[in-house]
file entry.cif (mmCIF, C-alpha atoms; chains and numbers go by the auth columns)
data_final
#
loop_
_atom_site.group_PDB
_atom_site.id
_atom_site.type_symbol
_atom_site.label_atom_id
_atom_site.label_comp_id
_atom_site.label_asym_id
_atom_site.label_seq_id
_atom_site.Cartn_x
_atom_site.Cartn_y
_atom_site.Cartn_z
_atom_site.B_iso_or_equiv
_atom_site.auth_seq_id
_atom_site.auth_asym_id
ATOM 1 C CA MET A 1 -120.744 25.956 -70.673 0.00 923 A
ATOM 2 C CA LEU A 2 -121.511 25.324 -67.016 0.00 924 A
ATOM 3 C CA LEU A 3 -124.306 27.095 -65.159 0.00 925 A
ATOM 4 C CA CYS A 4 -124.790 26.674 -61.427 0.00 926 A
ATOM 5 C CA PHE A 5 -127.791 28.028 -59.607 0.00 927 A
ATOM 6 C CA GLY A 6 -127.299 28.239 -55.851 0.00 928 A
ATOM 7 C CA GLY A 7 -129.443 29.604 -53.081 0.00 929 A
ATOM 8 C CA GLU A 8 -131.794 32.414 -54.057 0.00 930 A
ATOM 9 C CA MET A 9 -130.837 31.757 -57.699 0.00 931 A
ATOM 10 C CA GLU A 10 -127.254 32.976 -57.420 0.00 932 A
ATOM 11 C CA GLU A 11 -125.847 32.213 -60.846 0.00 933 A
ATOM 12 C CA ILE A 12 -122.323 31.017 -61.529 0.00 934 A
ATOM 13 C CA GLU A 13 -121.622 30.882 -65.256 0.00 935 A
ATOM 14 C CA PHE A 14 -118.567 29.523 -66.997 0.00 936 A
ATOM 15 C CA ASP A 15 -119.003 30.292 -70.666 0.00 937 A
ATOM 16 C CA ARG A 16 -116.862 27.788 -72.567 0.00 938 A
ATOM 17 C CA VAL A 17 -115.171 25.971 -69.707 0.00 939 A
ATOM 18 C CA ASP A 18 -111.574 24.882 -70.179 0.00 940 A
ATOM 19 C CA PHE A 19 -112.654 21.555 -68.721 0.00 941 A
ATOM 20 C CA ALA A 20 -115.192 19.996 -66.413 0.00 942 A
ATOM 21 C CA SER A 21 -114.867 16.854 -64.339 0.00 943 A
ATOM 22 C CA ALA A 22 -117.049 14.570 -62.282 0.00 944 A
ATOM 23 C CA GLY A 23 -115.916 12.042 -59.746 0.00 945 A
ATOM 24 C CA ALA A 24 -115.092 11.304 -56.141 0.00 946 A
ATOM 25 C CA ILE A 25 -112.605 12.421 -53.537 0.00 947 A
ATOM 26 C CA GLY A 26 -111.739 10.224 -50.583 0.00 948 A
ATOM 27 C CA ALA A 27 -111.575 6.573 -49.668 0.00 949 A
ATOM 28 C CA PRO A 28 -114.393 4.143 -50.477 0.00 950 A
ATOM 29 C CA GLY A 29 -117.101 4.418 -47.855 0.00 951 A
ATOM 30 C CA SER A 30 -116.371 8.070 -47.142 0.00 952 A
ATOM 31 C CA ARG A 31 -116.244 9.529 -50.627 0.00 953 A
ATOM 32 C CA THR A 32 -117.467 12.950 -51.629 0.00 954 A
ATOM 33 C CA PHE A 33 -118.850 13.151 -55.179 0.00 955 A
ATOM 34 C CA MET A 34 -118.529 16.395 -57.139 0.00 956 A
ATOM 35 C CA ILE A 35 -118.927 18.009 -60.510 0.00 957 A
ATOM 36 C CA GLN A 36 -116.322 20.701 -61.111 0.00 958 A
ATOM 37 C CA GLY A 37 -115.797 23.335 -63.771 0.00 959 A
ATOM 38 C CA PHE A 38 -112.638 25.262 -64.610 0.00 960 A
ATOM 39 C CA GLN A 39 -112.127 28.398 -66.666 0.00 961 A
ATOM 40 C CA GLY A 40 -108.685 29.962 -66.445 0.00 962 A
ATOM 41 C CA LYS A 41 -107.987 30.343 -62.726 0.00 963 A
ATOM 42 C CA ALA A 42 -111.689 30.296 -61.797 0.00 964 A
ATOM 43 C CA ARG A 43 -113.049 27.069 -60.327 0.00 965 A
ATOM 44 C CA VAL A 44 -116.424 25.880 -59.147 0.00 966 A
ATOM 45 C CA ALA A 45 -117.417 22.655 -57.426 0.00 967 A
ATOM 46 C CA VAL A 46 -120.882 21.306 -56.692 0.00 968 A
ATOM 47 C CA LEU A 47 -121.650 18.312 -54.475 0.00 969 A
ATOM 48 C CA VAL A 48 -123.659 15.535 -56.110 0.00 970 A
ATOM 49 C CA GLU A 49 -124.699 11.990 -55.314 0.00 971 A
ATOM 50 C CA ARG A 50 -123.001 9.013 -56.936 0.00 972 A
ATOM 51 C CA HIS A 51 -126.186 8.051 -58.795 0.00 973 A
ATOM 52 C CA GLN A 52 -126.404 11.584 -60.256 0.00 974 A
ATOM 53 C CA ILE A 53 -122.952 11.179 -61.836 0.00 975 A
ATOM 54 C CA GLU A 54 -123.894 7.753 -63.188 0.00 976 A
ATOM 55 C CA LEU A 55 -127.148 9.078 -64.632 0.00 977 A
ATOM 56 C CA LEU A 56 -125.425 12.132 -66.125 0.00 978 A
ATOM 57 C CA SER A 57 -122.818 9.879 -67.742 0.00 979 A
ATOM 58 C CA ASP A 58 -125.430 7.599 -69.306 0.00 980 A
ATOM 59 C CA GLN A 59 -127.613 10.464 -70.484 0.00 981 A
ATOM 60 C CA SER A 60 -124.612 12.400 -71.844 0.00 982 A
ATOM 61 C CA ILE A 61 -123.693 9.525 -74.132 0.00 983 A
ATOM 62 C CA GLU A 62 -127.251 9.299 -75.479 0.00 984 A
ATOM 63 C CA PHE A 63 -127.442 13.092 -75.800 0.00 985 A
ATOM 64 C CA LEU A 64 -124.154 13.355 -77.697 0.00 986 A
ATOM 65 C CA ASP A 65 -125.110 10.462 -79.975 0.00 987 A
ATOM 66 C CA SER A 66 -128.348 12.236 -80.888 0.00 988 A
ATOM 67 C CA LEU A 67 -126.471 15.488 -81.588 0.00 989 A
ATOM 68 C CA MET A 68 -123.994 13.679 -83.836 0.00 990 A
ATOM 69 C CA SER A 69 -126.926 12.300 -85.831 0.00 991 A
ATOM 70 C CA GLU A 70 -128.639 15.691 -86.022 0.00 992 A
ATOM 71 C CA PHE A 71 -125.443 17.637 -86.877 0.00 993 A
ATOM 72 C CA PRO A 72 -123.249 15.128 -88.771 0.00 994 A
ATOM 73 C CA ASN A 73 -121.089 17.725 -90.534 0.00 995 A
ATOM 74 C CA GLU A 74 -120.070 19.752 -87.497 0.00 996 A
ATOM 75 C CA GLU A 75 -116.612 19.711 -85.957 0.00 997 A
ATOM 76 C CA TYR A 76 -116.470 18.545 -82.380 0.00 998 A
ATOM 77 C CA ALA A 77 -114.587 20.387 -79.690 0.00 999 A
ATOM 78 C CA THR A 78 -112.683 18.691 -76.911 0.00 1000 A
ATOM 79 C CA PRO A 79 -111.571 20.200 -73.621 0.00 1001 A
ATOM 80 C CA ILE A 80 -108.437 22.324 -73.861 0.00 1002 A
ATOM 81 C CA GLN A 81 -106.801 20.342 -71.084 0.00 1003 A
ATOM 82 C CA PHE A 82 -108.263 16.921 -71.869 0.00 1004 A
ATOM 83 C CA ASP A 83 -105.941 14.976 -69.549 0.00 1005 A
ATOM 84 C CA GLN A 84 -107.007 17.092 -66.582 0.00 1006 A
ATOM 85 C CA ALA A 85 -110.710 16.582 -67.260 0.00 1007 A
ATOM 86 C CA ALA A 86 -110.559 13.173 -65.572 0.00 1008 A
ATOM 87 C CA GLU A 87 -109.270 14.590 -62.278 0.00 1009 A
ATOM 88 C CA VAL A 88 -111.352 15.797 -59.354 0.00 1010 A
ATOM 89 C CA TYR A 89 -109.710 18.309 -57.035 0.00 1011 A
ATOM 90 C CA GLU A 90 -110.332 19.177 -53.387 0.00 1012 A
ATOM 91 C CA ILE A 91 -112.308 22.385 -53.793 0.00 1013 A
ATOM 92 C CA SER A 92 -114.902 23.752 -51.383 0.00 1014 A
ATOM 93 C CA PRO A 93 -118.295 23.145 -52.980 0.00 1015 A
ATOM 94 C CA GLU A 94 -120.725 25.987 -53.630 0.00 1016 A
ATOM 95 C CA PHE A 95 -123.800 23.861 -52.867 0.00 1017 A
ATOM 96 C CA ARG A 96 -125.343 20.398 -53.266 0.00 1018 A
ATOM 97 C CA ALA A 97 -127.091 19.813 -56.598 0.00 1019 A
ATOM 98 C CA ARG A 98 -130.662 18.626 -56.317 0.00 1020 A
ATOM 99 C CA SER A 99 -131.284 18.597 -60.067 0.00 1021 A
ATOM 100 C CA MET A 100 -129.251 18.949 -63.228 0.00 1022 A
ATOM 101 C CA GLY A 101 -129.739 18.896 -66.943 0.00 1023 A
ATOM 102 C CA LEU A 102 -128.063 19.205 -70.311 0.00 1024 A
ATOM 103 C CA VAL A 103 -129.197 21.921 -72.711 0.00 1025 A
ATOM 104 C CA PHE A 104 -128.083 22.342 -76.323 0.00 1026 A
ATOM 105 C CA ASP A 105 -128.052 25.696 -78.122 0.00 1027 A
ATOM 106 C CA PRO A 106 -128.248 25.055 -81.887 0.00 1028 A
ATOM 107 C CA ASP A 107 -127.177 28.645 -82.666 0.00 1029 A
ATOM 108 C CA THR A 108 -123.832 28.402 -80.852 0.00 1030 A
ATOM 109 C CA LEU A 109 -123.561 24.581 -80.946 0.00 1031 A
ATOM 110 C CA LEU A 110 -122.733 24.655 -77.237 0.00 1032 A
ATOM 111 C CA ILE A 111 -123.910 22.232 -74.581 0.00 1033 A
ATOM 112 C CA THR A 112 -124.682 23.644 -71.157 0.00 1034 A
ATOM 113 C CA LEU A 113 -124.692 21.603 -67.968 0.00 1035 A
ATOM 114 C CA GLU A 114 -127.099 23.254 -65.549 0.00 1036 A
ATOM 115 C CA LEU A 115 -126.876 22.404 -61.855 0.00 1037 A
ATOM 116 C CA HIS A 116 -129.668 23.573 -59.559 0.00 1038 A
ATOM 117 C CA GLU A 117 -129.700 23.639 -55.795 0.00 1039 A
ATOM 118 C CA LEU A 118 -133.477 23.367 -55.592 0.00 1040 A
ATOM 119 C CA PRO A 119 -135.585 20.754 -57.386 0.00 1041 A
ATOM 120 C CA PHE A 120 -137.341 21.708 -60.577 0.00 1042 A
ATOM 121 C CA ASP A 121 -140.843 23.054 -59.932 0.00 1043 A
ATOM 122 C CA PRO A 122 -143.238 21.676 -62.594 0.00 1044 A
ATOM 123 C CA ASP A 123 -145.711 24.487 -61.822 0.00 1045 A
ATOM 124 C CA GLU A 124 -143.116 27.158 -62.639 0.00 1046 A
ATOM 125 C CA ASP A 125 -143.825 29.204 -65.773 0.00 1047 A
ATOM 126 C CA VAL A 126 -141.643 28.138 -68.694 0.00 1048 A
ATOM 127 C CA ILE A 127 -141.150 30.413 -71.688 0.00 1049 A
ATOM 128 C CA ASP A 128 -141.001 28.668 -75.058 0.00 1050 A
ATOM 129 C CA GLN A 129 -138.668 30.287 -77.560 0.00 1051 A
#

call {"tool": "encode", "arguments": {"input": "entry.cif", "output": "structure tokens"}}
result
Amino acid sequence: MLLCFGGEMEEIEFDRVDFASAGAIGAPGSRTFMIQGFQGKARVAVLVERHQIELLSDQSIEFLDSLMSEFPNEEYATPIQFDQAAEVYEISPEFRARSMGLVFDPDTLLITLELHELPFDPDEDVIDQ
């Protein structure tokens, strides 16, 4: 799942994306880095910084390793169009991500990538469930 929160908390939700990709468009020195999600004909792109993609990649590996340890008997899904998941397309971005995070739902066994336009506010009320 991919959730994007733009200005004034506009929410773009792709429940069970067909595939998502992260990478760059353009020549070295003038590259644009994006994370993109695709569901059917719907597409969304969010601008990110190179270091955000690198950090997301490193943390994703650790996150998935921990889930495999916690849920060793579960089947693992792969993107429907796995070959396309490595490609980044020229799509107009919705916004620039200031923060992002991975969230796991143990009831559905789905991982959500949340992208936020505004930085996380540590003083914001958080509801524990």

call {"tool": "closest_residue", "arguments": {"input": "entry.cif", "among": "A:Gly1023, A:Arg1018, A:Leu1031, A:Tyr1011", "to": "Gly948 of chain A", "atoms": "only C-alpha atoms"}}
result
A:Tyr1011

call {"tool": "atom_distance", "arguments": {"input": "entry.cif", "atom1": "atom CA of Ile957 of chain A", "atom2": "atom CA of Glu935 of chain A"}}
result
14.0 Å

call {"tool": "resolve_selection", "arguments": {"input": "entry.cif", "expression": "the PyMOL selection byres ((chain A and resi 982) around 12)", "output": "short mmCIF file (atom, residue, chain, number, x, y, z; two decimals) with C-alpha atoms, keeping the file's coordinate frame"}}
result
data_model
loop_
_atom_site.label_atom_id
_atom_site.label_comp_id
_atom_site.auth_asym_id
_atom_site.auth_seq_id
_atom_site.Cartn_x
_atom_site.Cartn_y
_atom_site.Cartn_z
CA GLN A 974 -126.40 11.58 -60.26
CA ILE A 975 -122.95 11.18 -61.84
CA GLU A 976 -123.89 7.75 -63.19
CA LEU A 977 -127.15 9.08 -64.63
CA LEU A 978 -125.42 12.13 -66.12
CA SER A 979 -122.82 9.88 -67.74
CA ASP A 980 -125.43 7.60 -69.31
CA GLN A 981 -127.61 10.46 -70.48
CA ILE A 983 -123.69 9.52 -74.13
CA GLU A 984 -127.25 9.30 -75.48
CA PHE A 985 -127.44 13.09 -75.80
CA LEU A 986 -124.15 13.36 -77.70
CA ASP A 987 -125.11 10.46 -79.97
CA SER A 988 -128.35 12.24 -80.89
CA LEU A 989 -126.47 15.49 -81.59
CA MET A 1022 -129.25 18.95 -63.23
CA GLY A 1023 -129.74 18.90 -66.94
CA LEU A 1024 -128.06 19.20 -70.31
CA VAL A 1025 -129.20 21.92 -72.71
CA PHE A 1026 -128.08 22.34 -76.32
CA ILE A 1033 -123.91 22.23 -74.58
CA THR A 1034 -124.68 23.64 -71.16
CA LEU A 1035 -124.69 21.60 -67.97
#

call {"tool": "resolve_selection", "arguments": {"input": "entry.cif", "expression": "the PyMOL selection byres ((chain A and resi 1021) around 6)", "output": "JSON, numbers by chain"}}
result
{"A": [1019, 1020, 1022, 1038, 1041]}

call {"tool": "atom_distance", "arguments": {"input": "entry.cif", "atom1": "atom CA of Val970 of chain A", "atom2": "atom CA of Asp937 of chain A"}}
result
21.2 Å

call {"tool": "closest_residue", "arguments": {"input": "entry.cif", "among": "A:Pro994, A:Pro1028, A:Gly945, A:Gly959", "to": "Glu1016 of chain A", "atoms": "only C-alpha atoms"}}
result
A:Gly959

call {"tool": "atom_distance", "arguments": {"input": "entry.cif", "atom1": "atom CA of Glu996 of chain A", "atom2": "atom CA of Glu1009 of chain A"}}
result
27.9 Å

call {"tool": "closest_residue", "arguments": {"input": "entry.cif", "among": "A:His973, A:Gly962, A:Val968, A:Glu1036", "to": "Ser943 of chain A", "atoms": "only C-alpha atoms"}}
result
A:Val968

call {"tool": "closest_residue", "arguments": {"input": "entry.cif", "among": "A:Met990, A:Leu1032, A:Leu969, A:Leu1037", "to": "Arg953 of chain A", "atoms": "only C-alpha atoms"}}
result
A:Leu969

call {"tool": "residues_around", "arguments": {"input": "entry.cif", "residues": "Ala964 of chain A", "least_positions_apart": "6", "cutoff": "10 Å", "atoms": "all atoms listed in the file", "output": "JSON, numbers by chain"}}
result
{"A": [936, 939, 940]}
